[in-house]
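K.L.:
One structure, pasted below without further comment.
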Amino acid sequence: MRHLITLADLTTPQIERIFQIARQLEDALDQGRRQPLLAGRVMALVFEKPSLRTRVSFEAGMAQLGGSSLALGSEAGLGTRESLADFARVLSQYVDVIVARTKRHDVVTNLARHAACPVINGLTDYAHPCQALADLYTLRGWFGTFGSRPLAWIGDGNNVARSLALGCGKLRLPMVMATPEPYQFDPSFLETLRREVPQLELTVTTDPGEAVRDAIAVYTDVWASMGQEAEAEKRRRAFGPYQVNAELMSRAPRDAVFMHCLPARRGEEVTDEVIDGPQSIVLRQAANRMHLQKGILVWILNGEGP
Ligand code: CP
Ligand code: NVA
């Protein structure tokens with residue numbers, strides 16, 4: 001049985017296969033064809049944090065594939081009415097796949113340990129694998145193959161950054177991070193990277209201008225993620241010099257794209273002129289969440305390919 005908890009769970013050929021399925025489904029949809037590859041299958045969504053993109057793109061994608069979905073509310077009682085193990089054992093007898101967005105990463109890993117069906121991580125404080133896969137799929141679609149120019153991550157070394165680092169390693173896209181020292185990857189995650197993606201070319205700096213100099217993509221995310229609201233003021237001070245604005249983008253190559261997983265806090269990590277500007281591909285990224293996740297669902301549920 002296949003789970004997707006972090007990108008360490010996928011090999012490079014598996015990522016390529018998911019991209020291939022996603023591309024076929026995206027092309028078919030462009031031609032008005034919706035293939036019922038998952039007819040009769042049921043997906044449960046268990047979300048402890050807000051979501052627009054992840055929840056809706058999974059639900060819409062599942063509907064297009066002929067399956068159905070159930071978004072469980074807090075009354076289902078994840079971690080409150082019964083043990084997590086019992087919750088997972090029971091729920092997974094009714095549904096074919098569970099997508100979970102939880103505050104703590106170990107809740108998703110425990111769901112996967114006890115569920116009798118695949119579990120997909122829809123974001124935790126540690127990882128956001130579906131986002132990173134959609135982002136890399138977007139970059140592939142935009143640039144074709146990757147060369148030696150890096151993806152430049154500007155800001156917090158957070159869940160999205162960690163998943164991108166694993167994904168960049170698997171697809172051999174160099175990554176450079178401009179991050180204030182206290183918010184850089186911790187030693188334990190650096191060890192994970194060394195183990196899982198020893199081939200990753202990762203450069204870490206505190207100079208955003210240096211980071212974007214040769215980039216194909218300039219990527220940022222909120223300075224305070226969901227659950228870090230109490231630290232927002234402290235983080236605003238630390239990340240102020242890391243705002244992606246027109247001046248920073250002018251230091252990147254002219255063909256570099258601007259990326260953001262959204263939702264954005266305009267005026268903080270990115271200015272309107274950049275996120276709404278000609279280099280921004282944020283809406284394409286958001287659209288690709290659905291195509292890519294359809295690829296994940298078909299790959300996981302139909303046991304396709306490697
Ligand atoms: N990017 C992303 O995961 O968005 P949501 O929080 O709206 O799902
Ligand atoms: N880092 C952000 C990503 C939101 C999609 C968060 O965890 O809130």
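Letters A, B, ... mark the chains of the structure tokens in the order given; residue numbers begin at 1 per chain; ligand numbers begin at 1, in order shown.
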What's around Leu78 (chain A) at 8 Å? Count only C-alpha atoms, leave out sequence neighbours fewer than 6 positions away in its own chain, and write the answer as a list in words.

P.N.:
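Using only C-alpha atoms, the neighbours found are Val46, Leu84 and Phe87 of chain A.
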
K.L.:
Store the residues picked out above, limited to N, CA and C atoms, as a compact mmCIF listing (two decimals), in the first residue's frame.

P.N.:
# COMPACT_ATOMS: atom_id res chain seq x y z
N VAL A 46 -9.65 15.03 6.08
CA VAL A 46 -9.65 15.33 7.51
C VAL A 46 -8.73 16.53 7.72
N LEU A 84 -6.31 7.75 18.09
CA LEU A 84 -6.00 7.99 16.68
C LEU A 84 -5.99 6.67 15.90
N PHE A 87 -9.53 5.61 15.23
CA PHE A 87 -10.07 6.51 14.20
C PHE A 87 -9.60 6.05 12.82

K.L.:
Residues of chain A that approach ligand 2 to 10 Å or less, counting only C-alpha atoms and all ligand atoms: could you list each one with the shortest pair of atoms and its distance in Å to one decimal, rows by chain and increasing residue number, as JSON lines?

P.N.:
{"residue": "A:Lys49", "atom": "CA", "partner": "ligand 2", "partner_atom_place_in_ligand_line": "8 (O)", "distance": 8.7}
{"residue": "A:Pro50", "atom": "CA", "partner": "ligand 2", "partner_atom_place_in_ligand_line": "8 (O)", "distance": 8.9}
{"residue": "A:Ser51", "atom": "CA", "partner": "ligand 2", "partner_atom_place_in_ligand_line": "5 (C)", "distance": 7.6}
{"residue": "A:Leu52", "atom": "CA", "partner": "ligand 2", "partner_atom_place_in_ligand_line": "5 (C)", "distance": 9.0}
{"residue": "A:Arg53", "atom": "CA", "partner": "ligand 2", "partner_atom_place_in_ligand_line": "5 (C)", "distance": 8.2}
{"residue": "A:Thr54", "atom": "CA", "partner": "ligand 2", "partner_atom_place_in_ligand_line": "5 (C)", "distance": 8.2}
{"residue": "A:Arg101", "atom": "CA", "partner": "ligand 2", "partner_atom_place_in_ligand_line": "7 (O)", "distance": 10.0}
{"residue": "A:Lys103", "atom": "CA", "partner": "ligand 2", "partner_atom_place_in_ligand_line": "7 (O)", "distance": 9.1}
{"residue": "A:Gly122", "atom": "CA", "partner": "ligand 2", "partner_atom_place_in_ligand_line": "5 (C)", "distance": 9.3}
{"residue": "A:Leu123", "atom": "CA", "partner": "ligand 2", "partner_atom_place_in_ligand_line": "7 (O)", "distance": 7.0}
{"residue": "A:Thr124", "atom": "CA", "partner": "ligand 2", "partner_atom_place_in_ligand_line": "7 (O)", "distance": 6.9}
{"residue": "A:Asp125", "atom": "CA", "partner": "ligand 2", "partner_atom_place_in_ligand_line": "7 (O)", "distance": 5.9}
{"residue": "A:Tyr126", "atom": "CA", "partner": "ligand 2", "partner_atom_place_in_ligand_line": "7 (O)", "distance": 8.3}
{"residue": "A:Ala127", "atom": "CA", "partner": "ligand 2", "partner_atom_place_in_ligand_line": "7 (O)", "distance": 8.4}
{"residue": "A:His128", "atom": "CA", "partner": "ligand 2", "partner_atom_place_in_ligand_line": "3 (C)", "distance": 7.6}
{"residue": "A:Gln131", "atom": "CA", "partner": "ligand 2", "partner_atom_place_in_ligand_line": "5 (C)", "distance": 7.8}
{"residue": "A:Asp156", "atom": "CA", "partner": "ligand 2", "partner_atom_place_in_ligand_line": "1 (N)", "distance": 8.3}
{"residue": "A:Gly157", "atom": "CA", "partner": "ligand 2", "partner_atom_place_in_ligand_line": "1 (N)", "distance": 9.1}
{"residue": "A:Asn158", "atom": "CA", "partner": "ligand 2", "partner_atom_place_in_ligand_line": "1 (N)", "distance": 6.0}
{"residue": "A:Asn159", "atom": "CA", "partner": "ligand 2", "partner_atom_place_in_ligand_line": "1 (N)", "distance": 5.7}
{"residue": "A:Val160", "atom": "CA", "partner": "ligand 2", "partner_atom_place_in_ligand_line": "1 (N)", "distance": 5.8}
{"residue": "A:Ala161", "atom": "CA", "partner": "ligand 2", "partner_atom_place_in_ligand_line": "1 (N)", "distance": 8.3}
{"residue": "A:Thr220", "atom": "CA", "partner": "ligand 2", "partner_atom_place_in_ligand_line": "1 (N)", "distance": 9.5}
{"residue": "A:Asp221", "atom": "CA", "partner": "ligand 2", "partner_atom_place_in_ligand_line": "1 (N)", "distance": 6.1}
{"residue": "A:Val222", "atom": "CA", "partner": "ligand 2", "partner_atom_place_in_ligand_line": "1 (N)", "distance": 6.1}
{"residue": "A:Trp223", "atom": "CA", "partner": "ligand 2", "partner_atom_place_in_ligand_line": "1 (N)", "distance": 7.8}
{"residue": "A:Ala224", "atom": "CA", "partner": "ligand 2", "partner_atom_place_in_ligand_line": "8 (O)", "distance": 7.0}
{"residue": "A:Ser225", "atom": "CA", "partner": "ligand 2", "partner_atom_place_in_ligand_line": "8 (O)", "distance": 3.5}
{"residue": "A:Met226", "atom": "CA", "partner": "ligand 2", "partner_atom_place_in_ligand_line": "8 (O)", "distance": 3.8}
{"residue": "A:Gly227", "atom": "CA", "partner": "ligand 2", "partner_atom_place_in_ligand_line": "8 (O)", "distance": 7.3}
{"residue": "A:Gln228", "atom": "CA", "partner": "ligand 2", "partner_atom_place_in_ligand_line": "8 (O)", "distance": 8.2}
{"residue": "A:Glu229", "atom": "CA", "partner": "ligand 2", "partner_atom_place_in_ligand_line": "8 (O)", "distance": 9.6}
{"residue": "A:His260", "atom": "CA", "partner": "ligand 2", "partner_atom_place_in_ligand_line": "5 (C)", "distance": 9.1}
{"residue": "A:Cys261", "atom": "CA", "partner": "ligand 2", "partner_atom_place_in_ligand_line": "5 (C)", "distance": 5.8}
{"residue": "A:Leu262", "atom": "CA", "partner": "ligand 2", "partner_atom_place_in_ligand_line": "5 (C)", "distance": 5.8}
{"residue": "A:Pro263", "atom": "CA", "partner": "ligand 2", "partner_atom_place_in_ligand_line": "5 (C)", "distance": 6.3}
{"residue": "A:Ala264", "atom": "CA", "partner": "ligand 2", "partner_atom_place_in_ligand_line": "4 (C)", "distance": 8.6}

K.L.:
Can those selected residues be exported to a file as a CSV table (one decimal), in the first residue's frame so that it contains N, CA, C and O atoms?

P.N.:
chain,number,residue,atom,x,y,z
A,49,LYS,N,-6.7,22.4,9.9
A,49,LYS,CA,-6.4,23.7,9.6
A,49,LYS,C,-7.2,24.2,8.4
A,49,LYS,O,-7.6,23.4,7.6
A,50,PRO,N,-7.3,25.5,8.2
A,50,PRO,CA,-8.0,26.0,7.1
A,50,PRO,C,-7.4,25.6,5.7
A,50,PRO,O,-6.2,25.3,5.7
A,51,SER,N,-8.2,25.6,4.7
A,51,SER,CA,-7.6,25.3,3.3
A,51,SER,C,-8.6,25.8,2.3
A,51,SER,O,-9.8,25.5,2.4
A,52,LEU,N,-8.1,26.4,1.2
A,52,LEU,CA,-8.9,26.6,0.0
A,52,LEU,C,-8.4,25.6,-1.1
A,52,LEU,O,-9.1,24.7,-1.5
A,53,ARG,N,-7.1,25.9,-1.5
A,53,ARG,CA,-6.5,25.1,-2.6
A,53,ARG,C,-6.5,23.6,-2.4
A,53,ARG,O,-7.0,22.8,-3.2
A,54,THR,N,-6.0,23.2,-1.3
A,54,THR,CA,-5.8,21.7,-1.1
A,54,THR,C,-7.1,21.0,-1.1
A,54,THR,O,-7.3,20.0,-1.8
A,101,ARG,N,-4.8,17.0,6.8
A,101,ARG,CA,-4.1,18.2,7.1
A,101,ARG,C,-4.1,18.4,8.6
A,101,ARG,O,-5.2,18.6,9.1
A,103,LYS,N,-2.2,19.6,12.5
A,103,LYS,CA,-1.3,20.5,13.1
A,103,LYS,C,0.1,19.8,13.3
A,103,LYS,O,1.1,20.4,12.9
A,122,GLY,N,-1.9,16.4,3.4
A,122,GLY,CA,-2.3,17.6,2.8
A,122,GLY,C,-1.8,18.8,3.5
A,122,GLY,O,-2.3,19.9,3.3
A,123,LEU,N,-0.7,18.7,4.2
A,123,LEU,CA,0.1,19.7,4.9
A,123,LEU,C,0.1,19.4,6.4
A,123,LEU,O,-0.9,19.1,7.0
A,124,THR,N,1.3,19.5,6.9
A,124,THR,CA,1.5,19.5,8.4
A,124,THR,C,2.5,20.6,8.7
A,124,THR,O,3.0,21.3,7.7
A,125,ASP,N,2.8,20.8,9.9
A,125,ASP,CA,3.8,21.8,10.3
A,125,ASP,C,5.2,21.5,9.7
A,125,ASP,O,6.1,22.3,9.5
A,126,TYR,N,5.4,20.2,9.3
A,126,TYR,CA,6.7,19.7,8.8
A,126,TYR,C,6.8,19.7,7.3
A,126,TYR,O,7.9,19.9,6.7
A,127,ALA,N,5.7,19.3,6.7
A,127,ALA,CA,5.8,19.0,5.2
A,127,ALA,C,4.6,19.4,4.5
A,127,ALA,O,3.5,19.3,5.0
A,128,HIS,N,4.7,19.6,3.2
A,128,HIS,CA,3.6,19.9,2.3
A,128,HIS,C,4.0,19.3,0.9
A,128,HIS,O,4.2,20.0,-0.1
A,131,GLN,N,2.1,20.2,-2.4
A,131,GLN,CA,2.4,21.5,-2.9
A,131,GLN,C,3.7,21.5,-3.7
A,131,GLN,O,3.8,22.0,-4.8
A,156,ASP,N,11.2,31.8,5.2
A,156,ASP,CA,11.3,30.8,6.3
A,156,ASP,C,11.6,29.4,5.8
A,156,ASP,O,11.1,28.9,4.7
A,157,GLY,N,12.4,28.7,6.5
A,157,GLY,CA,12.7,27.3,6.2
A,157,GLY,C,11.6,26.4,6.7
A,157,GLY,O,11.8,25.6,7.6
A,158,ASN,N,10.4,26.5,6.1
A,158,ASN,CA,9.2,25.9,6.7
A,158,ASN,C,8.8,24.6,6.0
A,158,ASN,O,9.6,24.0,5.2
A,159,ASN,N,7.6,24.2,6.2
A,159,ASN,CA,7.1,23.0,5.6
A,159,ASN,C,7.2,22.9,4.1
A,159,ASN,O,7.6,21.9,3.5
A,160,VAL,N,6.9,24.0,3.4
A,160,VAL,CA,6.9,24.1,2.0
A,160,VAL,C,8.4,24.0,1.5
A,160,VAL,O,8.7,23.3,0.6
A,161,ALA,N,9.3,24.7,2.2
A,161,ALA,CA,10.7,24.7,1.8
A,161,ALA,C,11.3,23.3,2.0
A,161,ALA,O,12.1,22.9,1.2
A,220,THR,N,8.6,32.4,-2.5
A,220,THR,CA,8.5,32.8,-1.1
A,220,THR,C,7.2,32.3,-0.6
A,220,THR,O,6.3,31.8,-1.3
A,221,ASP,N,7.1,32.4,0.7
A,221,ASP,CA,5.9,31.9,1.5
A,221,ASP,C,5.7,32.9,2.6
A,221,ASP,O,6.6,33.6,3.0
A,222,VAL,N,4.6,32.7,3.3
A,222,VAL,CA,4.3,33.6,4.5
A,222,VAL,C,5.4,33.5,5.5
A,222,VAL,O,6.1,32.4,5.6
A,223,TRP,N,5.6,34.6,6.3
A,223,TRP,CA,6.7,34.6,7.3
A,223,TRP,C,6.2,33.8,8.6
A,223,TRP,O,7.0,33.2,9.3
A,224,ALA,N,4.9,33.8,8.8
A,224,ALA,CA,4.3,33.1,10.0
A,224,ALA,C,3.3,32.1,9.4
A,224,ALA,O,2.3,32.5,8.9
A,225,SER,N,3.6,30.8,9.5
A,225,SER,CA,2.7,29.8,9.0
A,225,SER,C,1.5,29.6,9.9
A,225,SER,O,1.5,30.1,11.1
A,226,MET,N,0.5,28.8,9.5
A,226,MET,CA,-0.6,28.5,10.3
A,226,MET,C,-0.1,27.9,11.6
A,226,MET,O,0.7,27.0,11.5
A,227,GLY,N,-0.6,28.4,12.7
A,227,GLY,CA,-0.1,27.9,14.0
A,227,GLY,C,1.0,28.7,14.6
A,227,GLY,O,1.3,28.6,15.8
A,228,GLN,N,1.6,29.6,13.8
A,228,GLN,CA,2.7,30.5,14.4
A,228,GLN,C,2.2,31.9,14.5
A,228,GLN,O,3.0,32.8,14.6
A,229,GLU,N,0.9,32.1,14.6
A,229,GLU,CA,0.4,33.5,14.7
A,229,GLU,C,1.0,34.3,15.8
A,229,GLU,O,1.2,35.5,15.7
A,260,HIS,N,4.7,31.3,-5.4
A,260,HIS,CA,4.2,31.4,-4.0
A,260,HIS,C,3.1,30.3,-3.9
A,260,HIS,O,2.3,30.2,-4.8
A,261,CYS,N,3.1,29.6,-2.8
A,261,CYS,CA,2.2,28.5,-2.7
A,261,CYS,C,0.8,29.1,-2.4
A,261,CYS,O,-0.2,28.4,-2.6
A,262,LEU,N,0.7,30.3,-1.9
A,262,LEU,CA,-0.6,30.9,-1.5
A,262,LEU,C,-1.2,30.2,-0.3
A,262,LEU,O,-1.0,29.0,-0.3
A,263,PRO,N,-1.9,30.8,0.5
A,263,PRO,CA,-2.3,32.2,0.5
A,263,PRO,C,-1.1,33.2,0.8
A,263,PRO,O,-0.3,32.8,1.6
A,264,ALA,N,-1.1,34.3,0.2
A,264,ALA,CA,0.0,35.3,0.4
A,264,ALA,C,-0.5,36.4,1.4
A,264,ALA,O,-1.7,36.7,1.4

K.L.:
Give me, please, the distance in Å between CA of Thr203 (chain A) and CA of Arg17 (chain A), quoted to one decimal.

P.N.:
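Straight-line distance from CA of Thr203 (chain A) to CA of Arg17 (chain A) works out to 28.4 Å.
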
K.L.:
According to DSSP computed on the backbone, where in region 115-243 of chain A is there strand (DSSP E or B)? Give the residues as a PyMOL selection string.

P.N.:
chain A and resi 119-121+151-154+175-178+202-205+217-220

K.L.:
Restricting the calculation to only C-alpha atoms: of A:Pro198, A:Gly155, A:Gly77, A:Gly67, which residue gets closest to Cys168 (chain A)?

P.N.:
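Residue with the minimum atom-to-atom distance to Cys168 (chain A): A:Pro198.
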
K.L.:
Just checking: using only C-alpha atoms, which residue out of A:Glu59, A:Asp30, A:Glu247, A:Asp186 ends up closest to Lys294 (chain A)?

P.N.:
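Checking each candidate against Lys294 (chain A), we get A:Glu59 as the closest.
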
K.L.:
Would you please extract all helix (DSSP H, G or I) residues from region 69-166 of chain A, as assigned by DSSP on the backbone, and give them as a VMD selection string?

P.N.:
chain A and resid 74 to 76 84 to 94 105 to 114 129 to 143 159 to 166

K.L.:
For region 4-16 of chain A, find every residue with an atom within 8 Å (counting only C-alpha atoms), except residues of its own chain fewer than 4 positions away, and show them as a PyMOL selection string.

P.N.:
chain A and resi 20+108-109+118-121+127-129+133+163+166-167+170-171+196+305-306

K.L.:
Okay, now the selection with C-alpha atoms, as a compact mmCIF listing (two decimals), in the first residue's frame?

P.N.:
# COMPACT_ATOMS: atom_id res chain seq x y z
CA GLN A 20 3.09 11.74 -16.61
CA VAL A 108 -0.43 12.06 9.85
CA THR A 109 2.31 9.45 10.28
CA PRO A 118 -3.47 5.04 1.67
CA VAL A 119 -2.97 8.32 3.53
CA ILE A 120 -1.89 11.52 1.77
CA ASN A 121 -0.40 14.43 3.69
CA ALA A 127 5.84 19.00 5.22
CA HIS A 128 3.61 19.89 2.27
CA PRO A 129 4.47 17.27 -0.33
CA LEU A 133 5.12 18.22 -6.38
CA SER A 163 9.26 19.53 0.80
CA LEU A 166 13.44 16.92 -1.04
CA GLY A 167 11.71 17.35 -4.41
CA LYS A 170 14.93 13.98 -6.42
CA LEU A 171 14.58 15.93 -9.69
CA GLU A 196 17.39 10.91 1.31
CA GLY A 305 3.69 2.27 -12.78
CA PRO A 306 6.77 2.19 -10.53

K.L.:
Which is closest to ligand 1 among A:Phe58, A:Tyr137, A:Trp142, A:Phe239, if we use only C-alpha atoms and all ligand atoms?

P.N.:
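Closest to ligand 1 of all the choices is A:Phe58.
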